[in-house]
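Shown below: query_29.cif, with mmCIF, C-alpha atoms.
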```cif
data_upload
loop_
_atom_site.label_atom_id
_atom_site.label_comp_id
_atom_site.auth_asym_id
_atom_site.auth_seq_id
_atom_site.Cartn_x
_atom_site.Cartn_y
_atom_site.Cartn_z
CA MET A 588 58.49 81.27 -158.92
CA LYS A 589 61.43 79.53 -160.46
CA ASN A 590 63.57 82.62 -160.12
CA LEU A 591 62.57 83.17 -156.55
CA VAL A 592 64.12 80.03 -155.23
CA PRO A 593 67.76 80.93 -155.78
CA PHE A 594 67.01 84.44 -154.69
CA ALA A 595 65.54 83.23 -151.43
CA ALA A 596 68.50 80.94 -150.91
CA VAL A 597 70.91 83.82 -151.40
CA ALA A 598 68.86 86.08 -149.16
CA ALA A 599 68.86 83.48 -146.44
CA PHE A 600 72.58 83.11 -146.81
CA LEU A 601 73.17 86.84 -146.57
CA MET A 602 70.96 87.34 -143.55
CA PRO A 603 72.68 87.07 -140.22
CA ALA A 604 72.00 83.64 -138.82
CA PRO A 605 69.65 83.96 -135.84
CA LEU A 606 71.33 82.94 -132.63
CA PHE A 607 69.59 80.61 -130.27
CA ALA A 608 70.40 79.43 -126.83
CA GLY A 609 71.53 75.83 -126.72
CA SER A 610 69.78 73.35 -124.45
CA ASP A 611 72.55 73.79 -121.87
CA ASP A 612 71.33 77.30 -121.39
CA ILE A 613 67.72 76.32 -120.67
CA THR A 614 66.73 75.09 -117.25
CA VAL A 615 63.26 73.97 -116.26
CA GLU A 616 62.09 74.05 -112.66
CA ASN A 617 59.00 73.32 -110.62
CA ALA A 618 57.28 71.24 -113.27
CA TRP A 619 53.97 69.81 -112.10
CA SER A 620 50.59 68.75 -113.40
CA ARG A 621 47.21 67.75 -112.08
CA ALA A 622 45.77 64.27 -112.01
CA SER A 623 43.00 63.61 -114.52
CA ILE A 624 39.71 61.75 -114.24
CA GLY A 625 40.09 59.11 -116.91
CA THR A 626 41.23 60.19 -120.35
CA SER A 627 38.28 62.09 -121.82
CA ARG A 628 39.24 65.49 -120.42
CA PRO A 629 42.44 67.34 -121.34
CA GLY A 630 45.19 67.78 -118.78
CA ALA A 631 47.48 70.71 -118.03
CA ALA A 632 51.10 71.00 -116.90
CA TYR A 633 53.06 73.92 -115.50
CA MET A 634 56.74 74.84 -115.04
CA THR A 635 59.21 77.70 -115.06
CA ILE A 636 61.64 77.89 -117.95
CA HIS A 637 64.84 79.92 -117.46
CA ASN A 638 67.05 80.96 -120.31
CA THR A 639 70.44 81.39 -118.64
CA GLY A 640 72.23 81.82 -121.97
CA GLU A 641 73.18 84.95 -123.85
CA ASP A 642 70.88 84.34 -126.80
CA ALA A 643 67.13 84.31 -127.12
CA ALA A 644 65.32 80.98 -127.19
CA SER A 645 62.00 80.14 -128.80
CA LEU A 646 59.86 77.32 -127.50
CA THR A 647 57.97 76.06 -130.52
CA GLY A 648 56.34 72.84 -129.47
CA LEU A 649 55.79 70.02 -127.03
CA SER A 650 55.60 66.29 -127.30
CA THR A 651 54.77 63.50 -124.91
CA ASP A 652 53.55 59.96 -125.21
CA LEU A 653 50.92 60.83 -122.62
CA ALA A 654 48.89 62.97 -125.03
CA ALA A 655 48.27 62.67 -128.76
CA MET A 656 48.31 66.44 -128.95
CA ALA A 657 50.27 68.75 -126.66
CA GLU A 658 50.45 72.50 -127.13
CA ILE A 659 51.22 75.61 -125.15
CA HIS A 660 47.96 77.41 -124.47
CA ARG A 661 47.21 80.65 -122.74
CA SER A 662 44.21 81.42 -120.55
CA THR A 663 43.18 85.04 -120.55
CA THR A 664 40.44 86.96 -118.78
CA ASN A 665 39.17 90.06 -120.54
CA GLU A 666 37.86 93.28 -118.99
CA GLU A 667 34.39 91.77 -118.85
CA ASN A 668 35.69 88.86 -116.80
CA VAL A 669 35.20 86.36 -119.61
CA THR A 670 37.92 83.74 -119.51
CA SER A 671 39.06 82.03 -122.67
CA MET A 672 41.88 79.73 -123.70
CA ALA A 673 43.75 79.55 -126.99
CA PRO A 674 47.00 78.18 -128.45
CA ALA A 675 49.79 80.59 -127.52
CA GLY A 676 52.01 79.93 -130.55
CA THR A 677 55.77 80.24 -130.18
CA ILE A 678 57.00 81.35 -126.76
CA ASP A 679 60.05 83.60 -126.96
CA ILE A 680 62.34 83.57 -123.97
CA PRO A 681 64.85 86.43 -124.17
CA ALA A 682 68.39 85.89 -122.89
CA GLY A 683 68.49 85.82 -119.11
CA GLU A 684 64.70 85.77 -118.80
CA THR A 685 62.24 83.36 -117.26
CA VAL A 686 58.85 82.32 -118.56
CA ALA A 687 56.38 80.90 -116.08
CA LEU A 688 53.72 78.41 -117.10
CA GLU A 689 51.28 78.75 -114.21
CA PRO A 690 47.56 78.43 -113.46
CA GLY A 691 45.53 81.15 -115.14
CA GLY A 692 48.15 81.91 -117.78
CA LEU A 693 50.43 79.88 -120.00
CA HIS A 694 50.19 76.13 -119.62
CA ALA A 695 51.06 72.95 -121.42
CA MET A 696 47.69 71.69 -122.65
CA LEU A 697 47.63 67.92 -122.95
CA MET A 698 44.88 66.85 -125.32
CA GLN A 699 43.70 63.36 -126.20
CA LEU A 700 45.24 61.68 -123.19
CA GLN A 701 46.49 58.21 -123.98
CA ARG A 702 46.24 57.09 -120.36
CA PRO A 703 44.90 58.64 -117.15
CA MET A 704 47.15 61.01 -115.23
CA ILE A 705 47.49 59.38 -111.84
CA GLU A 706 48.49 61.29 -108.72
CA GLY A 707 51.98 60.33 -107.53
CA GLU A 708 53.13 59.22 -110.97
CA SER A 709 54.98 61.31 -113.52
CA PHE A 710 55.29 61.57 -117.28
CA SER A 711 57.99 62.57 -119.70
CA LEU A 712 57.52 65.82 -121.66
CA THR A 713 59.79 67.11 -124.42
CA LEU A 714 60.15 70.84 -125.04
CA GLU A 715 61.06 71.64 -128.64
CA PHE A 716 62.98 74.80 -129.48
CA SER A 717 63.28 76.61 -132.81
CA ASP A 718 66.95 75.68 -133.19
CA GLY A 719 66.11 72.00 -133.08
CA GLU A 720 67.20 71.58 -129.48
CA GLU A 721 64.99 69.46 -127.29
CA ILE A 722 64.74 69.23 -123.55
CA GLU A 723 63.13 66.22 -121.97
CA LEU A 724 61.82 66.48 -118.45
CA GLU A 725 59.80 64.41 -116.00
CA VAL A 726 56.64 66.10 -114.84
CA PRO A 727 55.27 64.92 -111.50
CA ILE A 728 51.49 64.46 -111.29
CA ARG A 729 49.92 66.08 -108.21
CA GLY A 730 46.35 65.76 -106.96
CA ILE A 731 43.44 67.00 -109.05
CA ALA A 732 42.96 69.92 -106.60
CA ALA A 733 46.68 70.83 -106.51
CA ARG A 734 47.45 74.52 -106.73
CA GLY A 735 51.20 74.35 -107.20
CA PRO A 736 54.25 72.08 -107.46
CA GLN A 737 54.35 71.60 -103.68
CA ASP A 738 50.78 70.30 -103.26
CA MET B 802 15.75 125.30 -151.47
CA ARG B 803 12.98 123.84 -149.41
CA ARG B 804 14.34 120.46 -150.04
CA ARG B 805 17.78 121.56 -148.95
CA SER B 806 16.63 122.92 -145.62
CA PHE B 807 14.73 119.71 -145.07
CA LEU B 808 17.93 117.83 -145.66
CA LEU B 809 19.74 120.15 -143.29
CA TYR B 810 17.20 119.64 -140.53
CA GLY B 811 17.30 115.97 -141.28
CA ALA B 812 21.06 115.94 -140.84
CA ALA B 813 20.81 117.92 -137.61
CA GLY B 814 18.14 115.55 -136.35
CA THR B 815 20.26 112.51 -137.20
CA GLY B 816 23.18 114.18 -135.47
CA ALA B 817 21.10 114.80 -132.36
CA ILE B 818 19.91 111.20 -132.30
CA ALA B 819 23.47 109.97 -132.78
CA ALA B 820 24.64 112.24 -129.96
CA THR B 821 21.89 110.97 -127.68
CA LEU B 822 22.76 107.39 -128.50
CA GLY B 823 26.41 108.23 -127.98
CA ILE B 824 25.71 109.71 -124.57
CA GLY B 825 23.57 106.71 -123.79
CA TRP B 826 26.38 104.38 -124.73
CA TRP B 827 28.85 106.40 -122.69
CA GLN B 828 26.63 106.19 -119.63
CA VAL B 829 25.50 102.62 -119.99
CA ASP B 830 28.37 100.64 -121.45
CA GLY B 831 31.12 103.12 -122.09
CA PRO B 832 33.82 104.44 -119.80
CA GLY B 833 31.25 106.77 -118.20
CA ALA B 834 29.41 103.85 -116.63
CA ASP B 835 29.85 104.03 -112.86
CA ALA B 836 28.07 101.00 -111.44
CA PRO B 837 27.44 98.30 -114.04
CA VAL B 838 24.02 97.56 -112.57
CA GLY B 839 22.96 95.54 -115.59
CA LYS B 840 26.07 93.39 -115.27
CA ARG B 841 25.41 92.43 -111.68
CA PRO B 842 23.48 89.24 -111.03
CA LEU B 843 19.86 89.56 -110.00
CA PRO B 844 18.98 88.79 -106.39
CA LEU B 845 18.44 85.03 -106.07
CA THR B 846 14.81 85.75 -105.17
CA GLU B 847 14.24 87.24 -108.64
CA MET B 848 15.92 84.44 -110.56
CA SER B 849 14.03 81.59 -112.16
CA PHE B 850 15.65 78.45 -113.47
CA ARG B 851 15.39 74.77 -112.69
CA LEU B 852 18.47 72.54 -112.65
CA THR B 853 19.55 69.20 -111.23
CA ASP B 854 22.36 68.87 -108.71
CA HIS B 855 25.10 66.24 -108.83
CA GLU B 856 23.02 63.97 -106.60
CA GLY B 857 20.09 64.13 -109.00
CA LYS B 858 17.97 66.49 -106.87
CA SER B 859 15.93 69.23 -108.51
CA VAL B 860 17.35 72.62 -107.52
CA GLY B 861 16.89 76.30 -108.30
CA PRO B 862 17.87 79.71 -106.98
CA GLN B 863 15.40 79.34 -104.11
CA SER B 864 17.31 76.27 -102.89
CA LEU B 865 20.11 78.66 -101.92
CA LEU B 866 18.07 80.95 -99.67
CA GLY B 867 18.63 80.78 -95.91
CA ARG B 868 22.39 80.48 -96.14
CA ALA B 869 25.05 82.63 -97.78
CA SER B 870 26.10 81.30 -101.20
CA LEU B 871 29.13 81.16 -103.47
CA VAL B 872 28.09 80.48 -107.05
CA PHE B 873 30.39 80.19 -110.06
CA PHE B 874 30.18 78.96 -113.62
CA GLY B 875 32.53 76.52 -115.29
CA PHE B 876 32.77 73.12 -116.96
CA THR B 877 34.57 69.97 -116.00
CA TYR B 878 36.36 69.51 -119.34
CA CYS B 879 38.27 72.68 -118.57
CA PRO B 880 41.84 71.71 -117.70
CA GLU B 881 42.95 75.02 -116.35
CA VAL B 882 40.79 77.79 -114.96
CA CYS B 883 38.08 75.58 -113.46
CA PRO B 884 40.29 73.20 -111.48
CA THR B 885 42.23 76.26 -110.33
CA THR B 886 39.02 77.98 -109.21
CA LEU B 887 37.78 74.81 -107.50
CA ALA B 888 41.15 74.31 -105.80
CA ASP B 889 41.15 77.96 -104.67
CA ILE B 890 37.62 77.66 -103.30
CA SER B 891 38.56 74.43 -101.52
CA THR B 892 41.35 76.25 -99.67
CA TRP B 893 39.03 79.16 -98.81
CA LEU B 894 36.54 76.67 -97.38
CA ASP B 895 39.33 74.98 -95.43
CA GLY B 896 40.10 78.45 -94.04
CA LEU B 897 36.52 78.78 -92.80
CA ASP B 898 36.70 75.48 -90.88
CA GLU B 899 33.33 74.65 -89.36
CA ASP B 900 31.72 77.78 -90.82
CA ALA B 901 32.01 76.25 -94.30
CA LYS B 902 28.92 74.21 -93.38
CA ASP B 903 26.87 77.42 -93.29
CA LEU B 904 27.59 78.17 -96.91
CA ASN B 905 26.18 76.95 -100.22
CA VAL B 906 28.92 76.43 -102.79
CA VAL B 907 27.71 75.73 -106.30
CA LEU B 908 29.39 75.19 -109.64
CA ILE B 909 26.87 75.67 -112.47
CA THR B 910 28.11 74.08 -115.68
CA VAL B 911 28.04 75.97 -118.96
CA ASP B 912 28.62 72.67 -120.77
CA PRO B 913 25.55 70.55 -119.96
CA GLU B 914 26.21 68.47 -123.08
CA ARG B 915 29.23 66.80 -121.44
CA ASP B 916 28.58 67.66 -117.80
CA THR B 917 25.87 65.19 -117.00
CA VAL B 918 24.79 64.57 -113.41
CA GLU B 919 27.17 61.58 -113.31
CA ALA B 920 30.13 63.51 -114.75
CA LEU B 921 29.59 66.36 -112.27
CA SER B 922 29.17 63.99 -109.39
CA GLU B 923 32.51 62.34 -110.06
CA TYR B 924 34.24 65.67 -110.62
CA VAL B 925 33.09 67.60 -107.55
CA GLY B 926 33.93 64.59 -105.41
CA TYR B 927 37.60 65.44 -105.82
CA PHE B 928 37.23 68.85 -104.19
CA HIS B 929 35.90 70.21 -100.89
CA PRO B 930 32.79 68.24 -99.79
CA SER B 931 30.72 71.44 -99.59
CA ILE B 932 31.01 72.03 -103.35
CA ARG B 933 27.94 71.05 -105.34
CA GLY B 934 27.54 70.79 -109.10
CA TRP B 935 24.43 71.86 -111.00
CA THR B 936 23.53 70.95 -114.54
CA GLY B 937 20.40 70.73 -116.65
CA ARG B 938 18.83 71.50 -119.99
CA THR B 939 20.57 74.10 -122.12
CA SER B 940 17.46 76.28 -122.01
CA GLU B 941 17.62 76.31 -118.20
CA ILE B 942 21.38 76.94 -118.18
CA ASP B 943 20.65 79.89 -120.48
CA ARG B 944 18.06 81.24 -118.05
CA ALA B 945 20.57 80.89 -115.22
CA THR B 946 23.40 82.62 -117.10
CA GLU B 947 21.00 85.40 -118.04
CA ASP B 948 19.97 85.91 -114.41
CA PHE B 949 23.61 85.94 -113.30
CA ARG B 950 24.61 88.17 -116.28
CA VAL B 951 27.11 85.50 -117.26
CA ARG B 952 28.30 85.05 -120.83
CA TYR B 953 29.49 81.82 -122.36
CA GLU B 954 30.24 80.46 -125.80
CA LYS B 955 31.36 77.20 -127.27
CA VAL B 956 34.68 77.37 -129.11
CA PRO B 957 35.89 74.51 -131.34
CA LEU B 958 39.39 73.26 -130.60
CA GLU B 959 41.90 72.61 -133.31
CA GLY B 960 42.29 68.86 -133.45
CA GLY B 961 38.73 68.13 -132.39
CA GLY B 962 36.49 68.77 -129.45
CA TYR B 963 35.62 72.14 -128.03
CA THR B 964 36.22 74.39 -125.10
CA MET B 965 33.96 76.95 -123.46
CA ASN B 966 34.72 80.61 -122.93
CA HIS B 967 32.79 81.89 -119.95
CA THR B 968 32.55 84.59 -117.33
CA SER B 969 34.82 83.70 -114.45
CA GLY B 970 34.64 84.91 -110.89
CA VAL B 971 32.68 83.74 -107.89
CA PHE B 972 29.35 85.41 -107.07
CA LEU B 973 28.56 85.89 -103.41
CA PHE B 974 25.02 86.18 -102.08
CA GLY B 975 23.69 86.76 -98.59
CA ALA B 976 21.27 84.36 -96.92
CA ASP B 977 18.40 86.60 -98.10
CA GLY B 978 19.51 86.16 -101.72
CA ARG B 979 20.92 89.64 -102.18
CA HIS B 980 24.03 89.82 -104.34
CA VAL B 981 26.89 90.96 -102.09
CA THR B 982 30.04 90.95 -104.20
CA ILE B 983 32.21 89.04 -106.66
CA ILE B 984 35.54 87.37 -106.04
CA ASP B 985 37.53 87.73 -109.24
CA TYR B 986 39.43 84.83 -110.71
CA HIS B 987 42.82 84.65 -109.04
CA GLU B 988 41.95 86.97 -106.19
CA SER B 989 44.10 85.95 -103.25
CA ARG B 990 42.80 84.16 -100.22
CA GLU B 991 43.55 87.26 -98.11
CA PHE B 992 40.89 89.16 -100.06
CA ALA B 993 38.55 86.27 -100.69
CA LEU B 994 38.01 85.16 -97.09
CA PRO B 995 36.85 88.56 -95.76
CA LYS B 996 34.45 88.82 -98.73
CA ILE B 997 32.98 85.42 -97.90
CA ARG B 998 32.62 86.42 -94.24
CA ARG B 999 30.92 89.64 -95.36
CA ALA B 1000 28.40 87.63 -97.38
CA MET B 1001 27.80 85.35 -94.39
CA GLU B 1002 27.06 88.36 -92.19
CA ALA B 1003 24.92 90.12 -94.79
#
```
Have the structure of the file written as structure tokens, please.
Amino acid sequence: MKNLVPFAAVAAFLMPAPLFAGSDDITVENAWSRASIGTSRPGAAYMTIHNTGEDAASLTGLSTDLAAMAEIHRSTTNEENVTSMAPAGTIDIPAGETVALEPGGLHAMLMQLQRPMIEGESFSLTLEFSDGEEIELEVPIRGIAARGPQD
Amino acid sequence: MRRRSFLLYGAAGTGAIAATLGIGWWQVDGPGADAPVGKRPLPLTEMSFRLTDHEGKSVGPQSLLGRASLVFFGFTYCPEVCPTTLADISTWLDGLDEDAKDLNVVLITVDPERDTVEALSEYVGYFHPSIRGWTGRTSEIDRATEDFRVRYEKVPLEGGGYTMNHTSGVFLFGADGRHVTIIDYHESREFALPKIRRAMEA
């Protein structure tokens, strides 16, 4: 184990440094979320994330003071029509591509709400990228029956 | 020698049984299945379960007879698919205008532990007024999911709590209780509305 450490350090040094898009190259549009009933149920937020840069970007995490735990989750429906939801892990956004967080697919899952999500208000959400860049955005809260950012 | 031929016949017999089972699988569950009859809900008239609606009234499949019905399964602690389904249904019902009154619309919870009558009552109140919520004892929910051929399971969430995986889609029944069709999750309003009208005319 002792010998491995310098080896790993050298290997890391020799490997081409991965390139990541800076936060200037990431734009977020159409962010929205649904109002909650109290704080016992989790909330969800949606948005489109564009990577306008020339390098890939990896969205690794989320943080917000609204929820003690915020993660990107994915809802999927299998061939037997059973719908399930699970953490989606890191979301890679290739250069020039767009990733949509929308109902029935990827979404920001807001667990352990610290306060109710009230229609007409908004909350601040930070997107964390693998290169350490962070993007903070304001997410408007729509009605509980909203179907999109315009509702 | 005798023993060997016995083994041979035995092997052939096992092979034949395996082949029969294989064909059976192909026809029943496999790609050869044409109409998944076993996967379709029973007619409402053949179902038997007893639940409580969000106003505390005792209800069952027979409560739905006499009007066309939209029935779907979900749970109110679901942040994603269920509000989306409820919001979709609300817009379909808006599209039916006055005719929405001639329809039963029921969410049956697969999470009776958290979805009490009170919790459901508060929740459905945020959507179209025609939408009703049904809950009850787990044993009765199990009878209902069996009759509808719905699957569900409880899945623990990292960081505490749990979520429910469940069959999505909206089941449509005619006024006589016959199963008409299913509206899949995320089917567009353009396809959903004619299906609902078909169930209402059935």
Checklist entry - So what does the PyMOL selection byres ((chain A and resi 717) around 7) actually pick up in this one, as a list in words? => result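 Evaluating the PyMOL selection byres ((chain A and resi 717) around 7) on this file yields Ser645, Leu646, Thr647, Glu715, Phe716, Asp718 and Gly719 of chain A.
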Item to check | Pick from B:Arg851, B:Lys858, B:Lys840, B:Arg933 nearest to chain A, counting only C-alpha atoms | outcome: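 Counting only C-alpha atoms, the residue closest to chain A is B:Lys840.
Residue nearest chain A, chosen from B:His967, B:Lys902, B:Arg868, B:Arg938 and counting all atoms listed in the file: B:His967.
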Next on the checklist: With only C-alpha atoms considered, list every residue of chain A at most 7 Å from chain B, as a PyMOL selection string.
Outcome noted: chain A and resi 628-631+668-671+690-691+731-734
Checklist entry - So what do you get for CA of His637 (chain A) versus CA of Gly692 (chain A), distance-wise? => result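 That distance, rounded to one decimal, is 16.8 Å.
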Item to check | Distance in Å - CA of Gly867 (chain B) versus CA of Arg979 (chain B) | outcome: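 Computing it gives 11.1 Å between the two atoms.
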Item to check | Between CA of His980 (chain B) and CA of Pro995 (chain B), distance in Å (one decimal) | outcome: 15.5 Å
Counting all atoms listed in the file, what is within 10 Å of Ile984 (chain B), bar same-chain residues fewer than 2 positions away, as a PDB file with C-alpha atoms, in the coordinates of the input?
```pdb
ATOM      1  CA  LEU B 871      29.130  81.160-103.470  1.00  0.00           C
ATOM      2  CA  PHE B 873      30.390  80.190-110.060  1.00  0.00           C
ATOM      3  CA  SER B 969      34.820  83.700-114.450  1.00  0.00           C
ATOM      4  CA  GLY B 970      34.640  84.910-110.890  1.00  0.00           C
ATOM      5  CA  VAL B 971      32.680  83.740-107.890  1.00  0.00           C
ATOM      6  CA  PHE B 972      29.350  85.410-107.070  1.00  0.00           C
ATOM      7  CA  LEU B 973      28.560  85.890-103.410  1.00  0.00           C
ATOM      8  CA  THR B 982      30.040  90.950-104.200  1.00  0.00           C
ATOM      9  CA  TYR B 986      39.430  84.830-110.710  1.00  0.00           C
ATOM     10  CA  HIS B 987      42.820  84.650-109.040  1.00  0.00           C
ATOM     11  CA  GLU B 988      41.950  86.970-106.190  1.00  0.00           C
ATOM     12  CA  SER B 989      44.100  85.950-103.250  1.00  0.00           C
ATOM     13  CA  ARG B 990      42.800  84.160-100.220  1.00  0.00           C
ATOM     14  CA  PHE B 992      40.890  89.160-100.060  1.00  0.00           C
ATOM     15  CA  ALA B 993      38.550  86.270-100.690  1.00  0.00           C
ATOM     16  CA  LEU B 994      38.010  85.160 -97.090  1.00  0.00           C
ATOM     17  CA  LYS B 996      34.450  88.820 -98.730  1.00  0.00           C
ATOM     18  CA  ILE B 997      32.980  85.420 -97.900  1.00  0.00           C
TER      19      ILE B 997
END
```
Next on the checklist: I need the output of the PyMOL selection byres ((chain A and resi 725) around 7) for this file as a list in words; which residues are they?
Outcome noted: Ser709, Phe710, Ser711, Leu712, Leu724, Val726 and Pro727 of chain A
Next on the checklist: Residues near Arg702 (chain A), anyone? I mean within 9 Å using only C-alpha atoms, not counting same-chain ones fewer than 6 positions away, as a ChimeraX atom specification.
Outcome noted: /A:625-626,653-654
If you keep C-alpha atoms, can you produce a file of those selected residues as a PDB file, in the frame of the given file?
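selection_19.pdb, freshly written:
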```
ATOM      1  CA  GLY A 625      40.090  59.110-116.910  1.00  0.00           C
ATOM      2  CA  THR A 626      41.230  60.190-120.350  1.00  0.00           C
ATOM      3  CA  LEU A 653      50.920  60.830-122.620  1.00  0.00           C
ATOM      4  CA  ALA A 654      48.890  62.970-125.030  1.00  0.00           C
TER       5      ALA A 654
END
```
Checklist entry - Skipping near chain neighbours, those fewer than 3 positions away, what residues fall within 12 Å of Val918 (chain B) using all atoms listed in the file, listed as a list in words? => result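 Listing them by chain and then by number gives Leu852, Thr853, Asp854, His855, Glu856, Gly857, Lys858, Ser859, Thr877, Ile909, Thr910, Asp912, Pro913, Glu914, Arg915, Leu921, Ser922, Glu923, Tyr924, Val925, Arg933, Gly934, Trp935, Thr936, Gly937 and Arg938 of chain B.
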Each residue of region 599-662 of chain A with at least one atom at most 9 Å from region 693-696 of chain A should appear once, together with its nearest atom pair and the corresponding distance in Å (one decimal); atoms considered: all atoms listed in the file; ordering: chain, then increasing residue number; output as JSON lines.
```
{"residue": "A:Pro629", "atom": "CA", "partner": "A:Met696", "partner_atom": "CA", "distance": 6.9}
{"residue": "A:Gly630", "atom": "CA", "partner": "A:Met696", "partner_atom": "CA", "distance": 6.0}
{"residue": "A:Ala631", "atom": "CA", "partner": "A:Met696", "partner_atom": "CA", "distance": 4.7}
{"residue": "A:Ala632", "atom": "CA", "partner": "A:Ala695", "partner_atom": "CA", "distance": 4.9}
{"residue": "A:Tyr633", "atom": "CA", "partner": "A:His694", "partner_atom": "CA", "distance": 5.5}
{"residue": "A:Met634", "atom": "CA", "partner": "A:His694", "partner_atom": "CA", "distance": 8.1}
{"residue": "A:Leu649", "atom": "CA", "partner": "A:Ala695", "partner_atom": "CA", "distance": 7.9}
{"residue": "A:Met656", "atom": "CA", "partner": "A:Met696", "partner_atom": "CA", "distance": 8.2}
{"residue": "A:Ala657", "atom": "CA", "partner": "A:Met696", "partner_atom": "CA", "distance": 5.6}
{"residue": "A:Glu658", "atom": "CA", "partner": "A:Met696", "partner_atom": "CA", "distance": 5.3}
{"residue": "A:Ile659", "atom": "CA", "partner": "A:Ala695", "partner_atom": "CA", "distance": 4.6}
{"residue": "A:His660", "atom": "CA", "partner": "A:His694", "partner_atom": "CA", "distance": 5.5}
{"residue": "A:Arg661", "atom": "CA", "partner": "A:Leu693", "partner_atom": "CA", "distance": 4.3}
{"residue": "A:Ser662", "atom": "CA", "partner": "A:Leu693", "partner_atom": "CA", "distance": 6.4}
```
Checklist entry - Smallest atom-to-atom distance to Trp893 (chain B): which of B:Thr946, B:Ser931, B:Gln863, B:Thr917, using only C-alpha atoms? => result B:Ser931
How would region 637-642 of chain A look with all heavy atoms restored, written as a JSON list (two decimals), keeping the file's coordinate frame?
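Saved to out_0.json:
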```json
[["chain", "number", "residue", "atom", "x", "y", "z"],
["A", 637, "HIS", "N", 63.85, 78.84, -117.52],
["A", 637, "HIS", "CA", 64.84, 79.92, -117.46],
["A", 637, "HIS", "C", 65.74, 79.81, -118.68],
["A", 637, "HIS", "O", 66.18, 78.72, -119.02],
["A", 637, "HIS", "CB", 65.76, 79.79, -116.24],
["A", 637, "HIS", "CG", 65.04, 79.67, -114.95],
["A", 637, "HIS", "ND1", 64.61, 80.74, -114.24],
["A", 637, "HIS", "CD2", 64.70, 78.57, -114.24],
["A", 637, "HIS", "CE1", 64.02, 80.32, -113.13],
["A", 637, "HIS", "NE2", 64.06, 79.01, -113.11],
["A", 638, "ASN", "N", 66.03, 80.93, -119.26],
["A", 638, "ASN", "CA", 67.05, 80.96, -120.31],
["A", 638, "ASN", "C", 68.28, 81.64, -119.71],
["A", 638, "ASN", "O", 68.34, 82.85, -119.58],
["A", 638, "ASN", "CB", 66.52, 81.76, -121.52],
["A", 638, "ASN", "CG", 67.54, 81.85, -122.63],
["A", 638, "ASN", "OD1", 68.65, 81.32, -122.52],
["A", 638, "ASN", "ND2", 67.18, 82.53, -123.70],
["A", 639, "THR", "N", 69.25, 80.84, -119.32],
["A", 639, "THR", "CA", 70.44, 81.39, -118.64],
["A", 639, "THR", "C", 71.51, 81.78, -119.66],
["A", 639, "THR", "O", 72.56, 82.28, -119.29],
["A", 639, "THR", "CB", 71.03, 80.35, -117.67],
["A", 639, "THR", "OG1", 71.33, 79.16, -118.42],
["A", 639, "THR", "CG2", 70.03, 80.01, -116.57],
["A", 640, "GLY", "N", 71.23, 81.55, -120.94],
["A", 640, "GLY", "CA", 72.23, 81.82, -121.97],
["A", 640, "GLY", "C", 72.26, 83.29, -122.38],
["A", 640, "GLY", "O", 71.57, 84.13, -121.79],
["A", 641, "GLU", "N", 73.04, 83.57, -123.39],
["A", 641, "GLU", "CA", 73.18, 84.95, -123.85],
["A", 641, "GLU", "C", 72.36, 85.21, -125.11],
["A", 641, "GLU", "O", 72.40, 86.30, -125.65],
["A", 641, "GLU", "CB", 74.65, 85.24, -124.11],
["A", 641, "GLU", "CG", 75.49, 84.90, -122.90],
["A", 641, "GLU", "CD", 76.74, 85.71, -122.78],
["A", 641, "GLU", "OE1", 77.32, 86.05, -123.83],
["A", 641, "GLU", "OE2", 77.13, 86.01, -121.63],
["A", 642, "ASP", "N", 71.68, 84.18, -125.59],
["A", 642, "ASP", "CA", 70.88, 84.34, -126.80],
["A", 642, "ASP", "C", 69.43, 83.99, -126.50],
["A", 642, "ASP", "O", 69.14, 83.23, -125.59],
["A", 642, "ASP", "CB", 71.41, 83.40, -127.90],
["A", 642, "ASP", "CG", 72.88, 83.63, -128.16],
["A", 642, "ASP", "OD1", 73.26, 84.79, -128.38],
["A", 642, "ASP", "OD2", 73.65, 82.66, -128.10]]
```
